[in-house]
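Source file data_11.cif; content: mmCIF, C-alpha atoms.
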```cif
data_input
#
loop_
_atom_site.label_atom_id
_atom_site.label_comp_id
_atom_site.auth_asym_id
_atom_site.auth_seq_id
_atom_site.Cartn_x
_atom_site.Cartn_y
_atom_site.Cartn_z
CA MET A 145 0.00 0.00 0.00
CA SER A 146 1.40 3.40 -0.94
CA PRO A 147 1.86 6.08 1.73
CA VAL A 148 -0.96 8.08 0.15
CA THR A 149 -3.57 5.34 0.38
CA ALA A 150 -2.35 4.33 3.85
CA ASP A 151 -3.53 7.71 5.16
CA LEU A 152 -7.00 7.12 3.84
CA ALA A 153 -7.43 3.42 4.57
CA LYS A 154 -9.25 3.85 7.89
CA ASN A 155 -10.63 7.32 7.28
CA PHE A 156 -14.44 7.25 6.92
CA GLN A 157 -14.96 10.98 7.48
CA ASP A 158 -16.77 13.22 5.06
CA LEU A 159 -13.75 15.45 4.48
CA ALA A 160 -10.65 13.34 4.05
CA PRO A 161 -7.15 14.36 2.98
CA PHE A 162 -6.77 14.95 -0.75
CA SER A 163 -6.96 11.76 -2.77
CA PRO A 164 -4.13 10.65 -5.10
CA PRO A 165 -5.15 12.46 -8.33
CA ILE A 166 -5.08 15.79 -6.48
CA ARG A 167 -1.95 15.09 -4.42
CA GLU A 168 0.03 14.06 -7.48
CA ASN A 169 -0.61 17.43 -9.12
CA LEU A 170 -0.75 19.63 -6.06
CA GLU A 171 2.41 21.59 -6.81
CA THR A 172 1.30 22.27 -10.37
CA PHE A 173 -2.07 23.57 -9.21
CA PHE A 174 -0.48 26.11 -6.91
CA THR A 175 2.63 27.11 -8.85
CA GLN A 176 0.86 27.59 -12.15
CA GLY A 177 -2.78 27.86 -11.18
CA ASP A 178 -2.73 31.28 -9.57
CA SER A 179 -1.68 33.31 -12.61
CA ASP A 180 -4.21 35.81 -13.91
CA PRO A 181 -6.08 34.08 -16.75
CA ARG A 182 -6.86 37.46 -18.32
CA SER A 183 -3.18 37.80 -19.28
CA ILE A 184 -2.49 36.84 -22.89
CA PHE A 185 1.15 35.86 -22.19
CA GLY A 186 2.93 33.06 -20.29
CA PRO A 187 1.30 31.13 -17.43
CA GLY A 188 -1.73 33.42 -17.42
CA ALA A 189 -2.63 32.41 -20.96
CA GLU A 190 -2.03 28.76 -20.08
CA ASN A 191 -4.33 29.16 -17.11
CA SER A 192 -7.03 30.52 -19.34
CA ILE A 193 -6.83 27.28 -21.34
CA ARG A 194 -6.87 25.18 -18.13
CA LEU A 195 -9.93 27.02 -16.84
CA GLU A 196 -11.72 26.54 -20.14
CA ALA A 197 -10.94 22.80 -19.99
CA SER A 198 -12.27 22.69 -16.41
CA LEU A 199 -15.45 24.43 -17.52
CA GLN A 200 -15.92 21.85 -20.25
CA THR A 201 -15.48 19.05 -17.70
CA PHE A 202 -18.10 20.48 -15.35
CA SER A 203 -20.42 21.13 -18.28
CA ARG A 204 -20.12 17.61 -19.69
CA VAL A 205 -20.37 15.68 -16.42
CA LEU A 206 -23.07 17.77 -14.78
CA ALA A 207 -25.10 18.32 -17.99
CA LEU A 208 -24.91 22.10 -17.72
CA PRO A 209 -24.38 24.64 -20.51
CA PRO A 210 -20.89 26.16 -19.97
CA GLU A 211 -22.29 29.69 -19.93
CA SER A 212 -24.57 28.78 -16.99
CA ILE A 213 -21.64 27.85 -14.71
CA HIS A 214 -20.31 30.26 -12.08
CA PHE A 215 -17.68 29.50 -9.46
CA ILE A 216 -18.34 30.65 -5.88
CA ALA A 217 -16.07 30.30 -2.83
CA ASP A 218 -18.71 29.82 -0.14
CA ARG A 219 -21.77 27.58 0.16
CA ALA A 220 -23.98 30.03 2.05
CA LEU A 221 -23.17 32.66 -0.55
CA ALA A 222 -24.08 30.29 -3.38
CA PHE A 223 -27.50 29.58 -1.80
CA THR A 224 -28.03 33.26 -1.06
CA LEU A 225 -27.24 34.32 -4.64
CA SER A 226 -29.52 31.63 -6.03
CA ILE A 227 -32.54 32.03 -3.76
CA LEU A 228 -32.53 35.81 -3.28
CA GLY A 229 -31.67 36.31 -6.96
CA HIS A 230 -34.86 34.51 -8.01
CA ALA A 231 -36.92 36.17 -5.26
CA LYS A 232 -35.78 39.64 -6.35
CA THR A 233 -37.43 39.27 -9.79
CA ASN A 234 -40.96 39.17 -8.28
CA GLU A 235 -41.75 36.21 -10.57
CA PHE A 236 -42.46 33.91 -7.64
CA THR A 237 -44.98 34.24 -4.82
CA THR A 238 -43.81 31.27 -2.72
CA ILE A 239 -40.70 29.19 -2.15
CA ARG A 240 -41.26 25.56 -1.16
CA TYR A 241 -38.55 23.72 0.72
CA SER A 242 -38.22 20.70 2.97
CA ALA A 243 -37.47 20.11 6.64
CA VAL A 244 -34.17 18.41 5.70
CA ASP A 245 -32.76 21.26 3.59
CA LYS A 246 -29.44 22.80 4.55
CA LYS A 247 -29.63 25.54 7.16
CA ASP A 248 -27.79 27.92 4.79
CA ALA A 249 -30.58 27.48 2.27
CA ILE A 250 -33.39 27.83 4.81
CA ALA A 251 -31.79 31.04 6.11
CA ALA A 252 -31.78 32.49 2.58
CA ILE A 253 -35.44 31.50 2.08
CA ILE A 254 -36.39 33.29 5.31
CA GLU A 255 -34.45 36.32 4.02
CA ALA A 256 -36.43 36.16 0.74
CA GLU A 257 -39.54 37.26 2.64
CA GLN A 258 -38.19 40.82 2.35
CA PHE A 259 -39.00 40.56 -1.38
CA GLY A 260 -42.58 39.56 -0.57
CA VAL A 261 -42.02 35.84 -1.22
CA ALA A 262 -43.84 33.51 1.19
CA ARG A 263 -42.36 30.18 2.29
CA SER A 264 -43.88 26.75 2.63
CA GLN A 265 -42.10 23.89 4.41
CA SER A 266 -42.73 20.27 3.39
CA ASN A 267 -42.17 17.30 5.68
CA VAL A 268 -40.22 14.09 5.16
CA ASP A 269 -41.14 10.56 6.15
CA LEU A 270 -39.10 7.91 7.97
CA THR A 271 -37.48 6.82 4.69
CA GLY A 272 -36.27 10.36 3.99
CA SER A 273 -38.67 10.98 1.07
CA ILE A 274 -39.77 14.60 0.84
CA ARG A 275 -43.58 14.97 0.80
CA PHE A 276 -44.12 18.10 -1.26
CA GLY A 277 -47.84 17.34 -1.34
CA SER A 278 -50.41 19.32 -3.25
CA ASP A 279 -51.47 22.41 -1.33
CA PRO A 280 -54.48 23.73 -3.31
CA ASP A 281 -53.63 27.29 -2.24
CA LEU A 282 -50.27 27.17 -4.04
CA ASP A 283 -50.04 28.44 -7.62
CA LEU A 284 -47.40 25.96 -8.82
CA GLY A 285 -46.48 28.17 -11.78
CA LYS A 286 -45.40 30.87 -9.35
CA THR A 287 -44.01 28.55 -6.69
CA LEU A 288 -40.28 27.98 -6.73
CA THR A 289 -39.21 24.69 -5.12
CA LEU A 290 -35.84 24.15 -3.50
CA PHE A 291 -35.21 20.50 -4.31
CA GLN A 292 -32.47 18.63 -2.47
CA ILE A 293 -31.70 15.69 -4.71
CA ARG A 294 -29.58 13.96 -2.07
CA ASN A 295 -29.18 14.58 1.63
CA GLY A 296 -25.58 15.08 2.77
CA GLU A 297 -26.11 13.75 6.27
CA THR A 298 -27.92 10.50 5.39
CA GLY A 299 -26.97 9.96 1.72
CA ILE A 300 -30.65 9.46 0.82
CA TRP A 301 -31.60 10.25 -2.81
CA GLN A 302 -34.96 11.64 -3.84
CA THR A 303 -36.47 9.63 -6.67
CA SER A 304 -39.31 11.82 -7.91
CA LEU A 305 -39.17 15.42 -9.05
CA PRO A 306 -41.58 18.04 -7.72
CA THR A 307 -43.80 19.93 -10.17
CA GLY A 308 -42.96 23.44 -11.36
CA PRO A 309 -39.83 25.61 -11.44
CA LEU A 310 -37.10 24.55 -9.08
CA ILE A 311 -33.69 25.23 -7.59
CA LEU A 312 -31.65 22.06 -7.51
CA ASP A 313 -29.53 21.52 -4.39
CA ALA A 314 -26.96 19.05 -5.69
CA THR A 315 -24.35 19.82 -3.05
CA SER A 316 -24.27 16.18 -1.93
CA LEU A 317 -24.31 14.41 -5.26
CA ASN A 318 -22.46 11.15 -5.73
CA PRO A 319 -20.98 11.55 -9.22
CA ARG A 320 -20.73 7.81 -9.81
CA ALA A 321 -24.53 7.54 -9.54
CA TRP A 322 -25.27 11.04 -10.85
CA GLY A 323 -25.64 9.97 -14.49
CA THR A 324 -28.70 7.87 -13.66
CA THR A 325 -30.57 10.42 -11.57
CA LEU A 326 -33.69 12.29 -12.60
CA ALA A 327 -31.92 15.51 -11.66
CA ARG A 328 -29.21 15.08 -14.26
CA GLU A 329 -31.85 14.35 -16.87
CA LEU A 330 -33.70 17.45 -15.76
CA LEU A 331 -30.63 19.66 -16.14
CA GLY A 332 -29.95 18.29 -19.61
CA THR A 333 -33.43 18.51 -21.07
CA SER A 334 -35.79 20.75 -19.17
CA SER A 335 -36.31 24.47 -18.72
CA PHE A 336 -37.96 23.98 -15.32
CA TRP A 337 -34.71 24.27 -13.41
CA GLN A 338 -33.89 27.85 -12.50
CA SER A 339 -30.56 27.34 -10.79
CA ALA A 340 -28.47 24.53 -9.33
CA ILE A 341 -25.76 24.39 -6.68
CA PHE A 342 -22.88 21.90 -6.50
CA ASP A 343 -20.14 21.36 -3.91
CA ALA A 344 -16.73 19.97 -5.01
CA THR A 345 -16.29 18.07 -1.72
CA SER A 346 -19.18 15.81 -2.77
CA TRP A 347 -16.94 14.24 -5.41
CA GLY A 348 -13.80 14.27 -3.26
CA GLY A 349 -12.63 17.69 -4.41
CA PRO A 350 -11.30 20.45 -2.15
CA ARG A 351 -13.31 22.56 0.26
CA GLY A 352 -14.05 26.08 -0.99
CA LEU A 353 -15.32 25.52 -4.53
CA TYR A 354 -19.03 25.67 -5.26
CA ILE A 355 -20.75 25.84 -8.61
CA LEU A 356 -23.80 28.01 -9.05
CA ALA A 357 -25.50 27.22 -12.36
CA LEU A 358 -28.02 29.74 -13.61
CA ASN A 359 -30.38 28.72 -16.39
CA GLU A 360 -30.25 31.33 -19.14
CA ARG A 361 -34.05 31.24 -19.31
CA ALA A 362 -34.46 31.67 -15.55
CA SER A 363 -35.75 34.80 -13.86
CA TRP A 364 -32.79 35.95 -11.80
CA ARG A 365 -31.16 39.22 -10.76
CA ASN A 366 -28.02 39.55 -8.68
CA PRO A 367 -29.26 40.33 -5.15
CA LEU A 368 -25.89 41.81 -4.15
CA PRO A 369 -24.70 45.29 -5.13
CA THR A 370 -22.68 45.20 -8.34
CA LEU A 371 -21.92 47.51 -11.27
CA ASP A 372 -20.96 44.57 -13.49
CA PRO A 373 -23.85 42.84 -15.32
CA ARG A 374 -21.85 39.59 -15.27
CA LEU A 375 -21.85 37.52 -12.10
CA PRO A 376 -18.54 38.15 -10.24
CA LYS A 377 -16.46 35.16 -9.08
CA TYR A 378 -16.90 36.08 -5.40
CA GLY A 379 -13.51 34.80 -4.30
CA ALA A 380 -13.41 31.46 -6.13
CA SER A 381 -9.83 30.21 -6.33
CA ILE A 382 -8.36 29.08 -9.67
CA PRO A 383 -6.21 26.30 -8.12
CA LEU A 384 -9.27 24.90 -6.30
CA THR A 385 -11.31 25.10 -9.51
CA LEU A 386 -8.66 23.13 -11.43
CA MET A 387 -8.35 20.53 -8.63
CA SER A 388 -12.13 20.09 -8.55
CA ALA A 389 -12.29 19.44 -12.29
CA VAL A 390 -9.43 16.90 -12.13
CA LYS A 391 -11.08 15.04 -9.25
CA LEU A 392 -14.51 15.08 -10.93
CA GLU A 393 -13.00 13.53 -14.08
CA ASP A 394 -11.32 10.90 -11.90
CA GLU A 395 -14.44 10.16 -9.88
CA VAL A 396 -16.91 9.65 -12.73
CA ALA A 397 -14.50 7.24 -14.43
CA ARG A 398 -14.57 4.92 -11.41
CA ASP A 399 -16.84 1.96 -10.83
CA SER A 400 -19.40 2.30 -8.02
CA SER A 401 -20.13 -1.41 -7.54
CA ARG A 402 -17.53 -1.99 -4.81
CA ILE A 403 -18.83 0.98 -2.82
CA ASP A 404 -22.44 -0.17 -3.24
CA LYS A 405 -21.47 -3.65 -2.01
CA ALA A 406 -19.65 -2.19 0.98
CA ASN A 407 -22.69 -0.10 1.86
CA ALA A 408 -24.92 -3.20 1.63
CA LEU A 409 -22.50 -5.16 3.82
CA LEU A 410 -22.44 -2.38 6.44
CA ARG A 411 -26.23 -2.31 6.54
CA GLN A 412 -26.57 -6.07 6.75
CA GLU A 413 -24.01 -6.47 9.54
CA LEU A 414 -24.89 -3.35 11.55
CA ARG A 415 -28.54 -4.44 11.69
CA ASN A 416 -27.34 -7.23 13.99
CA ILE A 417 -26.64 -4.59 16.64
CA GLU A 418 -29.70 -4.10 18.84
CA GLU A 419 -31.58 -0.79 18.88
CA ILE A 420 -29.96 0.80 15.87
CA ASP A 421 -31.53 3.25 13.41
CA LEU A 422 -30.18 3.14 9.84
CA ALA A 423 -31.19 6.10 7.72
CA GLY A 424 -32.75 5.21 4.36
CA GLU A 425 -31.80 2.50 1.89
CA SER A 426 -29.21 2.22 -0.89
CA THR A 427 -27.33 5.33 0.06
CA GLY A 428 -24.16 4.72 -2.00
CA ASP A 429 -21.04 6.25 -0.53
CA ARG A 430 -22.71 7.53 2.64
CA LEU A 431 -24.31 5.88 5.64
CA SER A 432 -25.83 7.38 8.78
CA ILE A 433 -26.56 5.25 11.83
CA SER A 434 -27.92 6.12 15.28
CA LEU A 435 -27.41 3.90 18.30
CA LEU A 436 -29.74 4.04 21.28
CA ASN A 437 -28.08 4.72 24.65
CA VAL A 438 -24.68 5.43 23.10
CA PRO A 439 -22.94 8.82 23.38
CA ALA A 440 -21.60 9.54 19.86
CA ASP A 441 -18.48 11.40 20.96
CA GLU A 442 -17.36 8.56 23.25
CA LEU A 443 -17.98 6.00 20.50
CA MET A 444 -15.94 8.14 18.09
CA ARG A 445 -13.12 8.40 20.62
CA ARG A 446 -12.98 4.61 21.03
CA LEU A 447 -13.11 4.05 17.28
CA ALA A 448 -10.25 6.53 16.88
CA ILE A 449 -8.16 4.46 19.30
CA ASP A 450 -8.64 1.63 16.77
CA HIS A 451 -7.52 4.18 14.11
CA PHE A 452 -10.98 4.52 12.55
CA LEU A 453 -12.12 8.07 11.84
CA VAL A 454 -15.85 8.75 11.42
CA ASP A 455 -18.08 11.84 11.75
CA SER A 456 -20.78 12.31 14.33
CA GLY A 457 -22.97 14.37 12.03
CA SER A 458 -24.66 17.33 13.60
CA ALA A 459 -26.51 15.19 16.12
CA CYS A 460 -25.93 15.46 19.85
CA SER A 461 -22.23 15.38 20.63
CA ALA A 462 -19.86 17.41 22.74
CA SER A 463 -19.34 19.90 19.91
CA GLU A 464 -22.99 20.17 18.86
CA LEU A 465 -25.66 20.19 21.54
CA ALA A 466 -28.64 20.83 19.26
CA PRO A 467 -30.21 17.75 17.71
CA SER A 468 -29.73 17.24 13.99
CA HIS A 469 -32.66 18.88 12.17
CA VAL A 470 -32.38 16.21 9.46
CA LEU A 471 -32.61 13.19 11.77
CA SER A 472 -35.26 14.92 13.85
CA ALA A 473 -37.41 15.71 10.77
CA MET A 474 -37.20 12.07 9.66
CA GLY A 475 -38.18 10.78 13.11
CA LEU A 476 -34.83 9.04 13.59
CA LEU A 477 -32.86 8.90 16.80
CA THR A 478 -30.71 12.03 17.05
CA HIS A 479 -28.19 10.80 19.62
CA GLY A 480 -25.55 8.12 19.18
CA ASN A 481 -25.25 9.15 15.54
CA ILE A 482 -22.22 8.46 13.40
CA ARG A 483 -21.76 9.02 9.69
CA ILE A 484 -19.62 6.87 7.43
CA ARG A 485 -18.27 7.95 4.04
CA LEU A 486 -17.05 5.19 1.75
CA ARG A 487 -14.21 5.67 -0.73
CA ASP A 488 -12.16 3.28 -2.84
CA GLU A 489 -9.28 3.78 -0.39
CA ASN A 490 -11.16 2.65 2.75
CA LEU A 491 -13.23 -0.29 1.45
CA ASP A 492 -10.79 -2.94 2.70
CA SER A 493 -11.33 -1.62 6.24
CA VAL A 494 -15.11 -1.98 6.24
CA ARG A 495 -15.25 -5.38 7.96
CA PRO A 496 -12.81 -4.34 10.74
CA LEU A 497 -14.83 -1.12 11.17
CA ILE A 498 -18.08 -3.10 11.62
CA SER A 499 -16.38 -5.28 14.22
CA SER A 500 -14.99 -2.25 16.06
CA ILE A 501 -18.38 -0.50 16.14
CA ALA A 502 -20.13 -3.64 17.44
CA THR A 503 -17.52 -4.18 20.18
CA HIS A 504 -17.58 -0.59 21.44
CA VAL A 505 -21.37 -0.25 21.33
CA HIS A 506 -21.69 -3.42 23.40
CA SER A 507 -19.14 -2.27 25.99
CA LEU A 508 -20.50 1.28 26.19
CA ARG A 509 -24.03 0.04 26.83
CA ASN A 510 -22.77 -2.36 29.47
CA GLU A 511 -20.95 0.48 31.23
CA LEU A 512 -23.82 2.98 31.02
CA LEU A 513 -26.94 0.91 31.69
CA MET B 273 -45.40 6.49 38.82
CA ARG B 274 -41.65 6.72 39.26
CA GLU B 275 -40.14 10.13 38.49
CA ILE B 276 -36.84 10.50 36.63
CA THR B 277 -35.50 14.03 36.92
CA CYS B 278 -33.03 14.99 34.19
CA LEU B 279 -33.43 18.77 34.24
CA GLY B 280 -30.17 20.40 33.13
CA MET B 281 -28.88 17.18 31.56
CA LYS B 282 -27.93 17.19 27.90
CA CYS B 283 -28.57 14.60 25.20
CA PRO B 284 -28.18 11.61 25.38
CA LEU B 285 -28.28 11.49 29.20
CA PRO B 286 -32.08 11.82 29.67
CA ILE B 287 -32.72 8.82 27.40
CA ILE B 288 -29.94 6.82 29.09
CA GLU B 289 -31.37 7.66 32.54
CA LEU B 290 -34.80 6.55 31.35
CA SER B 291 -33.40 3.27 30.01
CA LYS B 292 -31.51 2.68 33.28
CA ALA B 293 -34.63 3.30 35.37
CA MET B 294 -36.72 0.93 33.25
CA LYS B 295 -34.07 -1.75 33.66
CA LYS B 296 -33.71 -1.13 37.41
CA TYR B 297 -37.45 -1.19 38.16
CA PRO B 298 -38.87 -3.97 35.96
CA SER B 299 -42.16 -4.13 37.85
CA GLU B 300 -42.89 -0.39 37.35
CA ASN B 301 -45.18 0.23 34.41
CA ALA B 302 -45.24 4.04 34.36
CA PHE B 303 -42.48 6.64 34.60
CA LEU B 304 -42.45 10.43 34.55
CA LEU B 305 -39.41 11.81 32.75
CA LYS B 306 -38.55 15.44 33.43
CA SER B 307 -36.13 16.94 30.93
CA ASP B 308 -35.55 20.40 29.49
CA ASP B 309 -33.11 19.32 26.77
CA VAL B 310 -34.30 20.18 23.23
CA ALA B 311 -33.29 16.76 21.92
CA THR B 312 -35.50 14.83 24.36
CA LEU B 313 -38.75 15.18 22.42
CA PRO B 314 -37.42 13.99 19.02
CA ASP B 315 -35.40 11.25 20.73
CA LEU B 316 -38.42 10.01 22.71
CA ARG B 317 -40.34 9.77 19.44
CA ALA B 318 -37.61 7.53 17.98
CA TRP B 319 -37.15 5.67 21.27
CA SER B 320 -40.85 4.87 21.39
CA ARG B 321 -40.76 3.48 17.83
CA MET B 322 -37.63 1.41 18.54
CA THR B 323 -38.63 -0.02 21.93
CA GLY B 324 -42.41 -0.31 21.63
CA ASN B 325 -43.02 1.74 24.80
CA SER B 326 -45.50 4.61 24.73
CA VAL B 327 -44.88 8.27 25.49
CA GLN B 328 -47.35 11.03 26.33
CA THR B 329 -46.28 14.66 26.50
CA ILE B 330 -47.56 16.27 29.71
CA ASP B 331 -45.92 19.64 29.13
CA ALA B 332 -42.72 20.96 27.51
CA GLU B 333 -40.54 19.37 30.20
CA SER B 334 -42.60 16.36 31.36
CA PHE B 335 -43.23 13.08 29.57
CA GLU B 336 -45.23 10.09 30.78
CA ILE B 337 -43.77 6.75 29.75
CA ARG B 338 -45.74 3.50 29.77
CA ARG B 339 -44.16 0.12 29.24
CA GLY B 340 -44.87 -1.97 26.17
CA THR B 341 -47.95 -0.54 24.53
CA SER B 342 -46.33 -0.92 21.10
CA GLY B 343 -44.92 2.53 20.68
CA GLN B 344 -47.88 4.88 20.85
CA SER B 345 -46.21 8.19 20.28
CA LEU B 346 -46.44 11.59 21.92
#
```
What is this structure when it is put down as structure tokens?
Amino acid sequence: MSPVTADLAKNFQDLAPFSPPIRENLETFFTQGDSDPRSIFGPGAENSIRLEASLQTFSRVLALPPESIHFIADRALAFTLSILGHAKTNEFTTIRYSAVDKKDAIAAIIEAEQFGVARSQSNVDLTGSIRFGSDPDLDLGKTLTLFQIRNGETGIWQTSLPTGPLILDATSLNPRAWGTTLARELLGTSSFWQSAIFDATSWGGPRGLYILALNERASWRNPLPTLDPRLPKYGASIPLTLMSAVKLEDEVARDSSRIDKANALLRQELRNIEEIDLAGESTGDRLSISLLNVPADELMRRLAIDHFLVDSGSACSASELAPSHVLSAMGLLTHGNIRIRLRDENLDSVRPLISSIATHVHSLRNELL
Amino acid sequence: MREITCLGMKCPLPIIELSKAMKKYPSENAFLLKSDDVATLPDLRAWSRMTGNSVQTIDAESFEIRRGTSGQSL
């Protein structure tokens, strides 16, 4: 095993160290990637070509017209630009969203009320399916729906599209399964999507690169003060943009069957632990579990002693005292929650991880009860 | 009805204290859990589904627990 993969072999956290395709080119990204692409000479001109190639990659994989793609450095800013930009046009009377949407997005929807746009929250069921329902008071032609195609905490995909114009939250997409989703089909063929938001970390890219796609036929006006009719880059870094494109190319070329099998194995084996809540079904590279009468931070500490790194989600832990709004909305247990992210590099450690979880859950419950 | 006071305790302690009390007093059928932690209500909902015990909300900080009535919820 190479030193690079050794670092990742027992890391099941959402944000892991850069994977090999990024590490191998890291110096190039930073030594050549920060030249001004507006320059027509030297590395600047080369960067212009690299950025254009990156744009073509994002366009091809995500099924977006190149001219719709804008790079943004911050997730909350991307949601704010999208949601308030549509609200500012006065084309919409209501924004629909769900109880499991990201807090950044919900905050922007609340802010949209200043433009006279009402909000309507939809619930989710125990499987994580969003119930947009059919409120007879809503004019669906004037209702904009924020549609989260996949939940980042649980990995659950939505399988049916809501009616009417929508904003697609694709910040937790799994690119290996992306090609078969309704959302990708929607982006490629329909005019119903108004904007879409992507996060490079969802395909193993770096933190700090978000894509805001604006449909050219959408009603949108920049909600922030600007004298430039074009959308500014708002701090997006060229090196991070190049890294994200390289990793996206790498990720979509990979086979998802091993990860799907590992997820199925985790589910099958973890169900043998008593009083466990597994979120959703067939969740690809992500898995969220909650264990009754187990403090998540103590379980994480014991797993770390065995060299396994996992996340505790935003459920009750020493660092986050508020219950996870996602787990709570689904009716799942909010304490004792850990999240597991599967990658090619950690699949050989799945069986030892299952064994470690089972051992520590058993001993913790014996000590506490 | 046996009272379990968990005021000031944070998640997951109220649920753990409830589980301990139910284990310690197997002949008790009803418990009153007092908790002011915001996670208690959503966790009791899940706990009720997972264990088959029923929960009734008395007020924002008081919950009546009854053993084994197949998870009637809140």
Please evaluate the PyMOL selection byres ((chain A) within 9 of (chain B)) against the displayed coordinates and give the resulting residues as a list in words.
Glu419, Ile420, Asp421, Leu436, Asn437, Val438, Pro439, Ala440, Cys460, Ser461, Leu465, Ala466, Pro467, Ser468, Leu471, Ser472, Ala473, Gly475, Leu476, Leu477, Thr478, His479, Gly480, Leu512 and Leu513 of chain A
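For the pair atom CA of A:Asp313 and atom CA of A:Leu290, the interatomic distance is 6.9 Å.
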Return as a Markdown table the residues of stretch 311-356 of chain A lying at most 12 Å from stretch 485-505 of chain A, together with the closest atom-to-atom pair for each and the distance in Å to one decimal, counting only C-alpha atoms, with rows in chain order and ascending residue number.
```
| residue | atom | partner | partner_atom | distance |
| --- | --- | --- | --- | --- |
| A:Ser316 | CA | A:Arg485 | CA | 11.8 |
| A:Asn318 | CA | A:Leu486 | CA | 11.0 |
| A:Arg320 | CA | A:Arg487 | CA | 11.4 |
| A:Thr345 | CA | A:Arg485 | CA | 11.8 |
| A:Ser346 | CA | A:Arg485 | CA | 10.4 |
| A:Trp347 | CA | A:Arg487 | CA | 10.1 |
| A:Gly348 | CA | A:Arg487 | CA | 9.0 |
```
With distances taken over only C-alpha atoms, which of A:Glu425, A:Glu393, A:Glu255, A:Glu171 is nearest to A:Gln302?
A:Glu425
Applied to the shown file, which residues does the PyMOL selection byres ((chain B and resi 339) around 8) return, written as a PDB file with C-alpha atoms, keeping the file's coordinate frame?
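Final output, saved to result_7.pdb:
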```
ATOM      1  CA  ASN B 301     -45.180   0.230  34.410  1.00  0.00           C
ATOM      2  CA  ALA B 302     -45.240   4.040  34.360  1.00  0.00           C
ATOM      3  CA  GLY B 324     -42.410  -0.310  21.630  1.00  0.00           C
ATOM      4  CA  ASN B 325     -43.020   1.740  24.800  1.00  0.00           C
ATOM      5  CA  SER B 326     -45.500   4.610  24.730  1.00  0.00           C
ATOM      6  CA  ILE B 337     -43.770   6.750  29.750  1.00  0.00           C
ATOM      7  CA  ARG B 338     -45.740   3.500  29.770  1.00  0.00           C
ATOM      8  CA  GLY B 340     -44.870  -1.970  26.170  1.00  0.00           C
ATOM      9  CA  THR B 341     -47.950  -0.540  24.530  1.00  0.00           C
TER      10      THR B 341
END
```
Test item: write stretch 287-296 of chain B with N, CA, C and O atoms as a PDB file, in the first residue's frame:
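Final output, saved to result.pdb:
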```pdb
ATOM      1  N   ILE B 287     -32.253  10.105  27.933  1.00  0.00           N
ATOM      2  CA  ILE B 287     -32.718   8.816  27.402  1.00  0.00           C
ATOM      3  C   ILE B 287     -31.982   7.665  28.102  1.00  0.00           C
ATOM      4  O   ILE B 287     -32.576   6.629  28.414  1.00  0.00           O
ATOM      5  N   ILE B 288     -30.702   7.869  28.376  1.00  0.00           N
ATOM      6  CA  ILE B 288     -29.937   6.825  29.086  1.00  0.00           C
ATOM      7  C   ILE B 288     -30.484   6.643  30.509  1.00  0.00           C
ATOM      8  O   ILE B 288     -30.654   5.506  30.981  1.00  0.00           O
ATOM      9  N   GLU B 289     -30.794   7.755  31.186  1.00  0.00           N
ATOM     10  CA  GLU B 289     -31.365   7.660  32.543  1.00  0.00           C
ATOM     11  C   GLU B 289     -32.714   6.942  32.520  1.00  0.00           C
ATOM     12  O   GLU B 289     -33.023   6.144  33.409  1.00  0.00           O
ATOM     13  N   LEU B 290     -33.508   7.224  31.495  1.00  0.00           N
ATOM     14  CA  LEU B 290     -34.800   6.551  31.349  1.00  0.00           C
ATOM     15  C   LEU B 290     -34.595   5.042  31.153  1.00  0.00           C
ATOM     16  O   LEU B 290     -35.254   4.223  31.804  1.00  0.00           O
ATOM     17  N   SER B 291     -33.667   4.693  30.267  1.00  0.00           N
ATOM     18  CA  SER B 291     -33.397   3.266  30.012  1.00  0.00           C
ATOM     19  C   SER B 291     -32.897   2.569  31.272  1.00  0.00           C
ATOM     20  O   SER B 291     -33.286   1.426  31.566  1.00  0.00           O
ATOM     21  N   LYS B 292     -32.030   3.257  32.029  1.00  0.00           N
ATOM     22  CA  LYS B 292     -31.514   2.675  33.282  1.00  0.00           C
ATOM     23  C   LYS B 292     -32.643   2.431  34.283  1.00  0.00           C
ATOM     24  O   LYS B 292     -32.709   1.373  34.917  1.00  0.00           O
ATOM     25  N   ALA B 293     -33.521   3.428  34.398  1.00  0.00           N
ATOM     26  CA  ALA B 293     -34.625   3.301  35.366  1.00  0.00           C
ATOM     27  C   ALA B 293     -35.551   2.150  34.980  1.00  0.00           C
ATOM     28  O   ALA B 293     -36.010   1.387  35.845  1.00  0.00           O
ATOM     29  N   MET B 294     -35.819   2.008  33.677  1.00  0.00           N
ATOM     30  CA  MET B 294     -36.719   0.933  33.250  1.00  0.00           C
ATOM     31  C   MET B 294     -36.102  -0.441  33.497  1.00  0.00           C
ATOM     32  O   MET B 294     -36.805  -1.417  33.732  1.00  0.00           O
ATOM     33  N   LYS B 295     -34.777  -0.489  33.399  1.00  0.00           N
ATOM     34  CA  LYS B 295     -34.075  -1.748  33.664  1.00  0.00           C
ATOM     35  C   LYS B 295     -34.034  -2.039  35.165  1.00  0.00           C
ATOM     36  O   LYS B 295     -34.189  -3.180  35.601  1.00  0.00           O
ATOM     37  N   LYS B 296     -33.856  -0.987  35.968  1.00  0.00           N
ATOM     38  CA  LYS B 296     -33.706  -1.134  37.413  1.00  0.00           C
ATOM     39  C   LYS B 296     -35.029  -1.482  38.102  1.00  0.00           C
ATOM     40  O   LYS B 296     -35.039  -2.169  39.125  1.00  0.00           O
TER      41      LYS B 296
END
```
